[in-house]
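The file run-v3.txt contains compact mmCIF, C-alpha atoms and all ligand atoms:
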# COMPACT_ATOMS: atom_id res chain seq x y z
CA MET A 1129 132.91 107.35 45.36
CA ILE A 1130 129.23 106.46 45.52
CA GLU A 1131 128.76 102.69 45.74
CA VAL A 1132 125.34 101.22 45.13
CA ASN A 1133 125.54 97.57 46.23
CA ASP A 1134 122.82 95.13 45.28
CA ILE A 1135 119.90 97.37 46.26
CA LYS A 1136 116.35 96.08 46.15
CA LYS A 1137 113.15 98.08 46.35
CA LYS A 1138 109.50 97.08 46.29
CA PHE A 1139 106.44 99.31 46.15
CA GLY A 1140 103.68 97.10 47.53
CA ARG A 1141 104.08 93.87 45.62
CA LYS A 1142 105.84 95.52 42.69
CA LYS A 1143 109.57 94.77 42.65
CA VAL A 1144 111.13 97.83 41.04
CA LEU A 1145 114.82 97.29 41.87
CA LYS A 1146 115.94 93.66 41.97
CA GLY A 1147 119.57 93.97 42.98
CA VAL A 1148 121.07 97.07 41.39
CA SER A 1149 124.82 97.68 41.72
CA PHE A 1150 127.05 100.35 40.22
CA THR A 1151 129.62 102.94 41.25
CA ALA A 1152 129.98 106.63 40.48
CA GLU A 1153 133.33 108.35 40.90
CA LYS A 1154 134.27 111.92 41.69
CA GLY A 1155 135.38 113.83 38.59
CA GLU A 1156 133.13 111.72 36.38
CA ILE A 1157 129.65 111.99 34.93
CA THR A 1158 127.76 108.73 35.34
CA CYS A 1159 124.54 108.34 33.39
CA VAL A 1160 121.82 105.93 34.52
CA ILE A 1161 119.87 105.03 31.40
CA GLY A 1162 116.57 103.23 31.04
CA ILE A 1163 113.03 103.52 29.75
CA ASN A 1164 110.24 105.32 31.65
CA GLY A 1165 109.31 103.61 34.88
CA VAL A 1166 112.43 101.42 35.11
CA GLY A 1167 113.36 102.89 38.51
CA LYS A 1168 115.85 105.67 37.78
CA THR A 1169 114.25 108.22 40.12
CA THR A 1170 113.85 105.53 42.77
CA ILE A 1171 117.62 104.92 42.65
CA LEU A 1172 118.37 108.63 43.11
CA ASN A 1173 115.85 108.84 45.98
CA ALA A 1174 117.51 105.83 47.61
CA ILE A 1175 120.98 107.41 47.30
CA MET A 1176 119.57 110.59 48.89
CA ASN A 1177 118.07 108.51 51.72
CA LEU A 1178 114.64 109.82 50.72
CA THR A 1179 113.17 106.37 50.21
CA PRO A 1180 114.00 103.32 52.34
CA ILE A 1181 115.42 100.34 50.45
CA ASN A 1182 114.44 96.73 51.19
CA ALA A 1183 117.94 95.27 50.80
CA GLY A 1184 121.46 96.21 49.81
CA GLN A 1185 123.72 99.04 50.79
CA ILE A 1186 124.67 102.52 49.59
CA LEU A 1187 128.03 104.03 50.54
CA ILE A 1188 129.28 107.57 50.00
CA ASN A 1189 133.05 107.93 50.32
CA GLY A 1190 133.02 104.57 52.12
CA GLU A 1191 130.32 105.56 54.63
CA THR A 1192 126.80 104.15 54.70
CA ILE A 1193 124.31 106.90 53.81
CA ASN A 1194 122.99 108.69 56.88
CA LYS A 1195 121.38 111.95 57.95
CA HIS A 1196 124.62 113.86 57.34
CA SER A 1197 124.99 112.64 53.76
CA TYR A 1198 123.40 115.84 52.43
CA GLU A 1199 126.64 117.64 53.37
CA LYS A 1200 128.34 115.64 50.61
CA ILE A 1201 125.60 115.22 48.07
CA THR A 1202 122.69 117.12 46.59
CA PHE A 1203 119.70 116.17 44.48
CA ILE A 1204 118.53 118.32 41.58
CA PRO A 1205 115.04 117.10 40.71
CA ASP A 1206 113.35 117.56 37.34
CA ALA A 1207 110.67 119.80 38.85
CA ILE A 1208 111.19 123.13 40.58
CA ILE A 1209 111.51 122.73 44.33
CA MET A 1210 110.83 126.31 45.38
CA GLN A 1211 107.46 128.02 45.85
CA PRO A 1212 106.47 129.26 42.38
CA GLY A 1213 105.73 132.77 43.73
CA MET A 1214 109.31 133.21 44.92
CA THR A 1215 111.87 135.19 42.95
CA ILE A 1216 115.17 133.60 41.99
CA LYS A 1217 116.82 135.87 44.55
CA ALA A 1218 114.48 134.66 47.34
CA SER A 1219 115.14 131.04 46.31
CA MET A 1220 118.87 131.62 46.59
CA GLN A 1221 118.41 133.25 49.99
CA PHE A 1222 116.35 130.24 51.12
CA MET A 1223 119.19 127.91 50.11
CA ALA A 1224 121.78 130.16 51.76
CA ASP A 1225 119.80 130.10 55.03
CA PHE A 1226 119.34 126.35 54.92
CA TYR A 1227 122.71 125.03 53.74
CA THR A 1228 126.09 125.89 55.21
CA SER A 1229 127.60 124.64 51.94
CA TRP A 1230 125.91 127.43 49.90
CA ASN A 1231 128.48 129.25 47.77
CA GLN A 1232 127.12 132.70 46.82
CA ALA A 1233 130.04 133.51 44.52
CA ARG A 1234 129.29 130.41 42.48
CA ALA A 1235 125.56 131.22 42.46
CA THR A 1236 126.31 134.72 41.14
CA GLU A 1237 128.58 133.23 38.47
CA LEU A 1238 125.83 130.83 37.41
CA LEU A 1239 123.26 133.65 37.24
CA GLY A 1240 125.53 135.39 34.76
CA PHE A 1241 126.34 132.20 32.88
CA PHE A 1242 122.65 131.38 32.39
CA LYS A 1243 121.73 135.06 31.84
CA LEU A 1244 119.03 134.86 34.52
CA ASP A 1245 117.53 137.94 36.21
CA GLU A 1246 117.41 137.28 39.94
CA ASN A 1247 114.33 139.48 40.33
CA GLU A 1248 112.20 137.23 38.09
CA LYS A 1249 109.55 135.12 39.76
CA ILE A 1250 109.92 131.39 39.22
CA ASN A 1251 106.27 131.35 38.08
CA ASN A 1252 107.09 133.55 35.13
CA LEU A 1253 110.07 131.56 33.85
CA SER A 1254 110.09 129.32 30.79
CA LYS A 1255 110.62 125.59 31.32
CA GLY A 1256 114.24 125.91 30.17
CA ASN A 1257 114.93 128.76 32.57
CA ARG A 1258 113.30 126.86 35.45
CA ALA A 1259 115.64 123.97 34.71
CA LYS A 1260 118.55 126.41 34.82
CA VAL A 1261 117.39 127.77 38.20
CA ASN A 1262 117.16 124.22 39.53
CA LEU A 1263 120.65 123.54 38.30
CA LEU A 1264 121.95 126.82 39.75
CA LEU A 1265 120.49 126.03 43.18
CA GLY A 1266 122.16 122.61 43.20
CA LEU A 1267 125.48 123.59 41.65
CA ALA A 1268 125.97 126.49 44.07
CA LEU A 1269 126.28 124.06 46.94
CA ASP A 1270 129.84 123.02 47.76
CA VAL A 1271 129.21 119.30 47.78
CA ASP A 1272 131.15 116.39 46.27
CA TYR A 1273 128.28 114.75 44.42
CA LEU A 1274 125.37 116.02 42.36
CA LEU A 1275 122.42 113.84 41.40
CA MET A 1276 120.26 115.10 38.55
CA ASP A 1277 116.99 113.63 37.47
CA GLU A 1278 116.48 114.08 33.71
CA PRO A 1279 118.20 117.49 33.54
CA PHE A 1280 117.61 117.78 29.77
CA SER A 1281 114.06 116.51 29.56
CA GLY A 1282 111.61 118.68 27.63
CA ILE A 1283 114.07 121.55 27.24
CA ASP A 1284 114.69 123.38 23.97
CA ILE A 1285 117.93 122.92 22.05
CA PHE A 1286 119.48 126.26 23.05
CA SER A 1287 118.89 125.74 26.76
CA ARG A 1288 120.15 122.17 26.41
CA GLU A 1289 123.36 123.42 24.82
CA GLN A 1290 123.83 125.98 27.59
CA ILE A 1291 123.22 123.39 30.29
CA ALA A 1292 125.59 120.97 28.55
CA GLU A 1293 128.30 123.65 28.68
CA VAL A 1294 128.07 123.68 32.47
CA PHE A 1295 128.95 119.99 32.56
CA THR A 1296 132.27 120.59 30.86
CA SER A 1297 133.12 123.66 32.95
CA HIS A 1298 134.93 124.21 36.24
CA LEU A 1299 131.51 124.42 37.92
CA VAL A 1300 131.31 120.65 37.79
CA GLU A 1301 134.89 119.42 37.49
CA ASP A 1302 136.21 117.35 40.42
CA ARG A 1303 132.66 116.56 41.48
CA GLY A 1304 130.85 113.33 40.90
CA VAL A 1305 127.65 113.66 38.88
CA ILE A 1306 124.92 111.08 38.39
CA ILE A 1307 122.41 111.95 35.66
CA THR A 1308 119.36 109.91 34.74
CA THR A 1309 117.90 109.89 31.28
CA HIS A 1310 115.76 107.89 28.90
CA GLU A 1311 117.16 109.89 25.98
CA ILE A 1312 120.92 109.60 25.55
CA ASN A 1313 121.48 111.21 22.13
CA ASP A 1314 121.97 114.76 23.34
CA ILE A 1315 124.33 114.01 26.17
CA GLU A 1316 126.31 111.05 24.90
CA HIS A 1317 129.44 113.20 24.44
CA LEU A 1318 129.24 114.53 28.01
CA ILE A 1319 129.20 111.33 29.99
CA ASP A 1320 132.08 109.21 31.25
CA LYS A 1321 130.19 106.15 32.32
CA ALA A 1322 126.87 104.59 31.30
CA VAL A 1323 124.76 102.29 33.48
CA LEU A 1324 122.09 100.48 31.45
CA LEU A 1325 119.04 99.42 33.45
CA ASP A 1326 116.24 97.06 32.59
CA GLY A 1327 113.87 94.73 34.42
CA GLY A 1328 115.06 95.95 37.83
CA LYS A 1329 118.73 95.12 37.10
CA VAL A 1330 121.85 96.70 35.64
CA LEU A 1331 122.36 95.02 32.27
CA LYS A 1332 125.74 96.65 31.69
CA GLN A 1333 127.94 99.46 32.97
CA PHE A 1334 130.84 100.77 30.91
CA ASN A 1335 133.22 103.63 30.37
CA SER A 1336 131.92 105.42 27.28
CA GLU A 1337 135.31 106.75 26.17
CA GLU A 1338 136.94 103.31 26.40
CA VAL A 1339 134.15 101.77 24.35
CA ARG A 1340 134.52 104.58 21.80
CA GLU A 1341 138.31 104.28 21.54
CA GLU A 1342 138.77 100.53 21.86
CA GLU A 1343 135.69 99.26 20.08
CA GLY A 1344 134.69 102.27 17.96
CA LYS A 1345 131.20 102.17 19.44
CA SER A 1346 128.95 104.94 20.72
CA VAL A 1347 126.79 104.58 23.82
CA VAL A 1348 123.79 104.19 21.51
CA ASP A 1349 125.58 101.32 19.66
CA VAL A 1350 126.11 99.52 22.98
CA MET A 1351 122.50 100.20 23.98
CA ARG A 1352 121.31 98.59 20.72
CA GLU A 1353 123.38 95.49 21.47
CA VAL A 1354 122.18 95.26 25.07
CA TYR A 1355 118.52 96.14 24.67
CA GLN A 1356 117.93 94.52 21.24
CA PRO A 1357 120.25 91.50 21.14
N1 LIG A 1401 105.86 106.03 45.86
C1 LIG A 1401 105.56 105.08 44.98
N2 LIG A 1401 104.55 104.22 45.19
C2 LIG A 1401 104.26 103.23 44.33
N3 LIG A 1401 104.92 103.01 43.19
C3 LIG A 1401 105.94 103.83 42.90
C4 LIG A 1401 106.32 104.91 43.78
N4 LIG A 1401 107.38 105.55 43.23
C5 LIG A 1401 107.65 104.90 42.07
N5 LIG A 1401 106.79 103.88 41.89
C6 LIG A 1401 106.80 102.94 40.75
O1 LIG A 1401 108.11 102.46 40.61
C7 LIG A 1401 108.47 102.35 39.24
C8 LIG A 1401 109.75 103.12 39.00
O2 LIG A 1401 109.47 104.51 39.11
P1 LIG A 1401 110.59 105.62 38.86
O3 LIG A 1401 109.94 106.94 38.99
O4 LIG A 1401 111.76 105.33 39.71
O5 LIG A 1401 110.97 105.33 37.34
P2 LIG A 1401 111.84 106.19 36.33
O6 LIG A 1401 112.75 105.24 35.64
O7 LIG A 1401 112.46 107.34 37.04
O8 LIG A 1401 110.74 106.72 35.31
P3 LIG A 1401 110.70 108.06 34.40
O9 LIG A 1401 111.72 107.90 33.31
O10 LIG A 1401 109.31 108.05 33.87
O11 LIG A 1401 110.97 109.23 35.30
C9 LIG A 1401 107.27 102.84 38.44
O12 LIG A 1401 106.53 101.72 38.02
C10 LIG A 1401 106.51 103.67 39.43
O13 LIG A 1401 105.13 103.62 39.14

When written as structure tokens, how does the structure in this file appear?
Amino acid sequence: MIEVNDIKKKFGRKKVLKGVSFTAEKGEITCVIGINGVGKTTILNAIMNLTPINAGQILINGETINKHSYEKITFIPDAIIMQPGMTIKASMQFMADFYTSWNQARATELLGFFKLDENEKINNLSKGNRAKVNLLLGLALDVDYLLMDEPFSGIDIFSREQIAEVFTSHLVEDRGVIITTHEINDIEHLIDKAVLLDGGKVLKQFNSEEVREEEGKSVVDVMREVYQP
């Protein structure tokens, strides 16, 4: 489990996170929802130990995050992380050289799944295909947790559908996924848990299936209640 306990973060005098707490379990997709600038990326960076926090604690499987956390967790950003002149194949080789957790069989499966040509240069790919390469590079690591910053943002409907399919496949099952978004409509059916952020705090976290079954409400219905009371 990833436990985010009362974390606070300031940039200069600006208090971005004012005591954020939530948990994300293995085998579940947790979605951190909030408007632009609310601090979603900052939370992911904090979980990855890429930005120091001012207060609070983050635990992964009961252990405070540390320099070995990347063996359990990976971050899939919304922008491509490789040199644009590299081919997909060279990007995969780079990951294989760098991470002992690289799983080439899974990478090859994902290449086929996304119908990507490994000889294509990243430069020449469409935005949707770049997002797929990003996802491939993260999903091919054998880690327990995947963090994804806005994986569906600005991507056409067909690529979105293909990416959504990955989330319900064996490529993700048993792993814990945290997705951020400011646009829930497309992925509402994929997520297990929603964490609603505003004003530097978590306004509500809930199991989306429970809310659907017990109260007959969608995530968007709950968002309307919370954000527009
Ligand atoms: N390195 C930084 N220095 C100063 N301010 C920063 C820095 N990083 C983020 N911020 C500020 O912190 C706030 C939260 O930023 P963050 O990127 O986490 O938001 P977000 O919810 O991910 O936004 P978006 O949906 O637009 O991606 C913003 O006001 C941003 O300007």

Mind checking which residues fall within 12 Å of A:Val1347, counting all atoms listed in the file, ignoring those fewer than 6 positions away in the same chain, and posting them as a compact mmCIF listing (two decimals) with C-alpha atoms, in the frame of the given file?
# COMPACT_ATOMS: atom_id res chain seq x y z
CA CYS A 1159 124.54 108.34 33.39
CA VAL A 1160 121.82 105.93 34.52
CA ILE A 1161 119.87 105.03 31.40
CA GLU A 1311 117.16 109.89 25.98
CA ILE A 1312 120.92 109.60 25.55
CA ASN A 1313 121.48 111.21 22.13
CA ASP A 1314 121.97 114.76 23.34
CA ILE A 1315 124.33 114.01 26.17
CA GLU A 1316 126.31 111.05 24.90
CA HIS A 1317 129.44 113.20 24.44
CA LEU A 1318 129.24 114.53 28.01
CA ILE A 1319 129.20 111.33 29.99
CA ASP A 1320 132.08 109.21 31.25
CA LYS A 1321 130.19 106.15 32.32
CA ALA A 1322 126.87 104.59 31.30
CA VAL A 1323 124.76 102.29 33.48
CA LEU A 1324 122.09 100.48 31.45
CA LYS A 1332 125.74 96.65 31.69
CA GLN A 1333 127.94 99.46 32.97
CA PHE A 1334 130.84 100.77 30.91
CA ASN A 1335 133.22 103.63 30.37
CA SER A 1336 131.92 105.42 27.28
CA GLU A 1337 135.31 106.75 26.17
CA GLU A 1338 136.94 103.31 26.40
CA VAL A 1339 134.15 101.77 24.35
CA ARG A 1340 134.52 104.58 21.80
CA GLU A 1341 138.31 104.28 21.54
CA GLU A 1353 123.38 95.49 21.47
CA VAL A 1354 122.18 95.26 25.07
CA TYR A 1355 118.52 96.14 24.67

Could you make a table, as a tab-separated table, of the residues of chain A that have an atom within 10 Å of an atom of ligand LIG 1401 (chain A), each with its nearest atom pair and distance in Å to one decimal, counting all atoms listed in the file, in chain and number order?
residue	atom	partner	partner_atom	distance
A:Lys1137	CA	A:LIG1401	O1	8.8
A:Lys1138	CA	A:LIG1401	O1	7.9
A:Phe1139	CA	A:LIG1401	C2	4.8
A:Gly1140	CA	A:LIG1401	C2	6.9
A:Arg1141	CA	A:LIG1401	C2	9.5
A:Lys1142	CA	A:LIG1401	N3	7.6
A:Lys1143	CA	A:LIG1401	O1	8.1
A:Val1144	CA	A:LIG1401	O1	5.5
A:Leu1145	CA	A:LIG1401	C8	8.2
A:Val1160	CA	A:LIG1401	O6	9.2
A:Ile1161	CA	A:LIG1401	O6	8.3
A:Gly1162	CA	A:LIG1401	O6	6.3
A:Ile1163	CA	A:LIG1401	O9	5.8
A:Asn1164	CA	A:LIG1401	O9	3.4
A:Gly1165	CA	A:LIG1401	O5	3.4
A:Val1166	CA	A:LIG1401	O6	3.9
A:Gly1167	CA	A:LIG1401	O4	3.2
A:Lys1168	CA	A:LIG1401	O6	3.8
A:Thr1169	CA	A:LIG1401	O7	3.7
A:Thr1170	CA	A:LIG1401	O4	3.7
A:Ile1171	CA	A:LIG1401	O4	6.6
A:Leu1172	CA	A:LIG1401	O4	8.1
A:Asn1173	CA	A:LIG1401	O4	8.3
A:Ala1174	CA	A:LIG1401	O4	9.8
A:Thr1179	CA	A:LIG1401	N1	8.5
A:Asp1206	CA	A:LIG1401	O11	8.9
A:Asp1277	CA	A:LIG1401	O7	7.8
A:Glu1278	CA	A:LIG1401	O11	7.5
A:Ser1281	CA	A:LIG1401	O9	9.7
A:Thr1308	CA	A:LIG1401	O7	7.7
A:Thr1309	CA	A:LIG1401	O9	6.8
A:His1310	CA	A:LIG1401	O9	6.0
A:Glu1311	CA	A:LIG1401	O9	9.3
A:Leu1325	CA	A:LIG1401	O6	8.8
A:Asp1326	CA	A:LIG1401	O6	9.4
A:Gly1328	CA	A:LIG1401	C8	9.0

Between A:Met1129, A:Ala1259, A:Val1294, A:Ile1250, smallest distance to A:Met1214 by all atoms listed in the file belongs to A:Ile1250

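Residues within 7 Å of A:Lys1249, counting all atoms listed in the file and excluding same-chain residues fewer than 5 positions away, are A:Gly1213, A:Met1214, A:Thr1215, A:Ile1216.
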
Could you save those same residues with C-alpha atoms as a PDB file, in the coordinates of the input?
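Once everything was written out, this is selection.pdb:
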ATOM      1  CA  GLY A1213     105.730 132.770  43.730  1.00  0.00           C
ATOM      2  CA  MET A1214     109.310 133.210  44.920  1.00  0.00           C
ATOM      3  CA  THR A1215     111.870 135.190  42.950  1.00  0.00           C
ATOM      4  CA  ILE A1216     115.170 133.600  41.990  1.00  0.00           C
TER       5      ILE A1216
END

Between A:Ile1204, A:Leu1275, A:Leu1244, A:Ile1283, which residue has the minimum interatomic distance to A:Leu1263, considering only C-alpha atoms? A:Ile1204

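Nearest to A:Leu1187 of all the residues A:Glu1289, A:Glu1343, A:Glu1131, A:Glu1246 is A:Glu1131, counting all atoms listed in the file.
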
In Å, with one decimal, what is the gap from atom CA of A:Glu1248 to atom CA of A:Met1223? 16.7 Å

Mind checking which residues fall within 12 Å of A:Ala1268, counting only C-alpha atoms, ignoring those fewer than 4 positions away in the same chain, and posting them as a VMD selection string? chain A and resid 1201 to 1202 1204 1219 to 1221 1223 to 1224 1227 to 1239 1260 to 1264 1272 to 1274 1299 to 1300

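Taking atom CA of A:Phe1203 as the reference point, atom CA of A:Phe1241 is found at 20.9 Å.
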
Mind working out the centre and edge lengths of an axis-aligned box for stretch 1331-1335 of chain A, all listed atoms inside, 5 Å added to each side, rounded to one decimal in Å and written as AutoDock Vina command-line options?
--center_x 127.8 --center_y 99.3 --center_z 31.7 --size_x 20.9 --size_y 18.6 --size_z 12.6

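Closest to A:Phe1280 among A:Gly1266, A:Ile1188, A:Ala1207, A:Gly1304 is A:Ala1207, based on only C-alpha atoms.
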
From atom CA of A:Arg1288 to atom CA of A:Lys1255 the spacing works out at 11.3 Å
